[in-house]
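Q: Take this structure, written in structure tokens, and hold onto it; I'll ask about it next.
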Number of protein chains: 2
Amino acid sequence: MAQSPILDTDDDARSLARRLIDTARHGALGVRDPETGHPLVSRVAVATDAAGMPVSLVSDLSHHTQALAVDPACSLLLGEPGARGDPLTHPRITLIATARFLRHGEPGHAELAARYLDRQPKAKLYLGFADFSFLRYDVTRALLNGGFGKAYDLGPDDLALRNPSGSSG
Amino acid sequence: MAQSPILDTDDDARSLARRLIDTARHGALGVRDPETGHPLVSRVAVATDAAGMPVSLVSDLSHHTQALAVDPACSLLLGEPGARGDPLTHPRITLIATARFLRHGEPGHAELAARYLDRQPKAKLYLGFADFSFLRYDVTRALLNGGFGKAYDLGPDDLALRNPSGSSG
């Protein structure tokens, strides 16, 4: 098998990762079917929480929600190609994560809901429904692909906000 | 848990599934990491073969190719939201499949390469490289989501071309 072409992580790679997370409005969520263990990929809407990490608003009726309630191992692909050109030249990031639900009435739900609606205003039609919950992603690793020959293997620290609001760091 | 809102499959659903497959230029491929079993989702370019089923051109260097060489269970999400509106109102389809490689020199590779380049012309830059192979998907089931309240559970027959070229059927 050919050698793995992973580059050393630098600040350009970290900035690209942040940009992909910050600008994502949707992503592809991979889970394991709880009955068969088979991979299942489906669309989720995405915004970020105050720490800059992705969150989704999901329905209890969906396959991914039912799967994650049993088995929280998941992966989230962010970064959409445009309509033109080679789709593989567009940057994208694969987050490897464990999902965690945040339900109505739990601490932080109201704050996250306000932030989420700012980014996904049409979600106000259903955000209040009892069967919709937030999904947070505890990311353990991220595979960044900036286009051919530009692959990076990132850790959670590489994804941290560089300039959190109110901080000089 | 709430009741599953799966509708009866009709010809409109089958046509929508075909349209999503026919027009896809890329998709999100879910595999299981061969070491950890964790879901991994990554971008693949997509075209169709003569039977109208999706094919991707993948590099041996990529995580998904290395995973599928060990464990061919996979899922492919097709159907991209536009830049506007609620991403969850846009139709998409989750294919549940087993991957099969078609490598340089194997029967059918040359024909598929010609067809693929017609759809993905920029792939001519690397299609000839020894470490690039086609990935075919033997689809066992498909979860179609035409937007809120429009979920269908399709079998392989529902995805078949309705009017294959040269046939009256």
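Chain labels run A, B, ... following the order of the structure tokens; each chain numbers its residues from 1, and ligands are numbered from 1 in the order shown.
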With the cut-off set at 9 Å and counting only C-alpha atoms, tabulate each residue of range 68-118 of chain A with an atom at most that distance from an atom of range 22-30 of chain B, showing the nearest atom pair and its distance in Å to one decimal, ordered by chain and increasing number, as JSON lines.

A:
```
{"residue": "A:Ser75", "atom": "CA", "partner": "B:Gly30", "partner_atom": "CA", "distance": 8.4}
{"residue": "A:Leu77", "atom": "CA", "partner": "B:Ala28", "partner_atom": "CA", "distance": 7.5}
{"residue": "A:Pro81", "atom": "CA", "partner": "B:His26", "partner_atom": "CA", "distance": 8.3}
{"residue": "A:Ala83", "atom": "CA", "partner": "B:Arg25", "partner_atom": "CA", "distance": 8.4}
{"residue": "A:Asp86", "atom": "CA", "partner": "B:Arg25", "partner_atom": "CA", "distance": 8.8}
{"residue": "A:Pro87", "atom": "CA", "partner": "B:His26", "partner_atom": "CA", "distance": 6.4}
{"residue": "A:Leu88", "atom": "CA", "partner": "B:His26", "partner_atom": "CA", "distance": 8.4}
```

Q: Could you pull out the helix (DSSP H, G or I) residues of range 56-126 of chain B, going by DSSP on the backbone, and write them as a PyMOL selection string?

A: chain B and resi 63-70+87-89+109-119+121-125

Q: Output N, CA and C atoms for every residue in the selection just made, as a tab-separated table (two decimals), in the first residue's frame.

A:
```
chain	number	residue	atom	x	y	z
B	63	HIS	N	-8.35	7.36	3.29
B	63	HIS	CA	-8.84	6.56	4.41
B	63	HIS	C	-9.98	5.64	3.98
B	64	HIS	N	-10.91	6.18	3.18
B	64	HIS	CA	-12.08	5.36	2.83
B	64	HIS	C	-11.68	4.15	1.99
B	65	THR	N	-10.72	4.33	1.08
B	65	THR	CA	-10.30	3.20	0.25
B	65	THR	C	-9.64	2.12	1.12
B	66	GLN	N	-8.79	2.56	2.03
B	66	GLN	CA	-8.11	1.60	2.90
B	66	GLN	C	-9.10	0.89	3.82
B	67	ALA	N	-10.13	1.62	4.25
B	67	ALA	CA	-11.15	0.99	5.10
B	67	ALA	C	-11.97	-0.02	4.31
B	68	LEU	N	-12.37	0.36	3.10
B	68	LEU	CA	-13.25	-0.52	2.32
B	68	LEU	C	-12.52	-1.76	1.82
B	69	ALA	N	-11.21	-1.67	1.68
B	69	ALA	CA	-10.44	-2.85	1.28
B	69	ALA	C	-10.52	-3.94	2.36
B	70	VAL	N	-10.75	-3.52	3.59
B	70	VAL	CA	-10.85	-4.46	4.72
B	70	VAL	C	-12.31	-4.80	5.01
B	87	PRO	N	-31.44	23.67	5.04
B	87	PRO	CA	-30.80	22.53	4.35
B	87	PRO	C	-31.61	21.24	4.46
B	88	LEU	N	-32.50	21.17	5.45
B	88	LEU	CA	-33.25	19.92	5.63
B	88	LEU	C	-34.47	19.81	4.74
B	89	THR	N	-34.80	20.88	4.01
B	89	THR	CA	-35.93	20.78	3.09
B	89	THR	C	-35.49	20.27	1.72
B	109	HIS	N	-13.32	-1.88	-17.00
B	109	HIS	CA	-12.69	-0.65	-16.50
B	109	HIS	C	-12.62	0.42	-17.58
B	110	ALA	N	-12.20	0.04	-18.78
B	110	ALA	CA	-12.01	1.04	-19.84
B	110	ALA	C	-13.34	1.71	-20.20
B	111	GLU	N	-14.41	0.90	-20.30
B	111	GLU	CA	-15.73	1.46	-20.65
B	111	GLU	C	-16.20	2.40	-19.54
B	112	LEU	N	-16.01	1.98	-18.32
B	112	LEU	CA	-16.46	2.83	-17.22
B	112	LEU	C	-15.63	4.11	-17.15
B	113	ALA	N	-14.34	4.01	-17.45
B	113	ALA	CA	-13.47	5.20	-17.43
B	113	ALA	C	-13.95	6.22	-18.45
B	114	ALA	N	-14.31	5.75	-19.65
B	114	ALA	CA	-14.79	6.69	-20.68
B	114	ALA	C	-16.07	7.38	-20.22
B	115	ARG	N	-16.96	6.60	-19.66
B	115	ARG	CA	-18.23	7.14	-19.19
B	115	ARG	C	-18.01	8.12	-18.02
B	116	TYR	N	-17.10	7.75	-17.15
B	116	TYR	CA	-16.83	8.59	-15.98
B	116	TYR	C	-16.25	9.95	-16.39
B	117	LEU	N	-15.32	9.91	-17.35
B	117	LEU	CA	-14.68	11.17	-17.77
B	117	LEU	C	-15.67	12.10	-18.46
B	118	ASP	N	-16.69	11.52	-19.05
B	118	ASP	CA	-17.74	12.33	-19.65
B	118	ASP	C	-18.42	13.17	-18.56
B	119	ARG	N	-18.55	12.61	-17.39
B	119	ARG	CA	-19.24	13.28	-16.28
B	119	ARG	C	-18.29	14.08	-15.41
B	121	PRO	N	-14.84	15.41	-16.20
B	121	PRO	CA	-13.71	15.55	-17.13
B	121	PRO	C	-12.38	15.86	-16.45
B	122	LYS	N	-12.41	16.57	-15.31
B	122	LYS	CA	-11.14	16.92	-14.66
B	122	LYS	C	-10.44	15.71	-14.06
B	123	ALA	N	-11.16	14.60	-13.95
B	123	ALA	CA	-10.54	13.39	-13.40
B	123	ALA	C	-9.53	12.78	-14.37
B	124	LYS	N	-9.44	13.30	-15.59
B	124	LYS	CA	-8.46	12.74	-16.52
B	124	LYS	C	-7.03	13.00	-16.05
B	125	LEU	N	-6.88	13.98	-15.16
B	125	LEU	CA	-5.56	14.27	-14.59
B	125	LEU	C	-5.02	13.11	-13.77
```

Q: Give me, as a list of chain:residue names, all polymer residues having an atom no more than 6 Å from range 139-156 of chain B, counting only C-alpha atoms and skipping those fewer than 6 positions away in the same chain.

A: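 Contacts, in chain order: B:Ile6, B:Leu7, B:Thr89, B:His90, B:Pro91, B:Arg92, B:Ile93, B:Thr94, B:Leu95, B:Ile96, B:Ala97.
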
Q: To one decimal in Å, tell me the separation between CA of Thr36 in chain A and CA of Ala73 in chain B.

A: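 Answer for the CA of Thr36 in chain A to CA of Ala73 in chain B separation: 10.4 Å.
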
Q: Can you work out which one of A:Asp11, A:Asp158, A:Asp138, A:Glu80 has the shortest atom-to-atom distance to chain B, counting only C-alpha atoms?

A: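 Using only C-alpha atoms, the shortest distance to chain B belongs to A:Glu80.
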
Q: Apply DSSP to the structure's backbone, then extract all residues of chain A labelled strand (DSSP E or B) and return them as a ChimeraX atom specification.

A: /A:6-7,26-32,39-45,47-48,54-59,73-78,92-102,132-145,151-154

Q: So the first atom is CA of Leu76 in chain A and the second is CA of Ser56 in chain B; what is the distance between them in Å, to one decimal place?

A: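 It comes out at 19.9 Å.
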
Q: Which residues are close to Phe129 in chain A, i.e. within 9 Å by only C-alpha atoms, leaving aside same-chain residues fewer than 3 positions away? Reply as a list in words.

A: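 Non-adjacent residues within range: Ser59, His104, Leu125, Tyr126, Phe132 and Ser133 of chain A.
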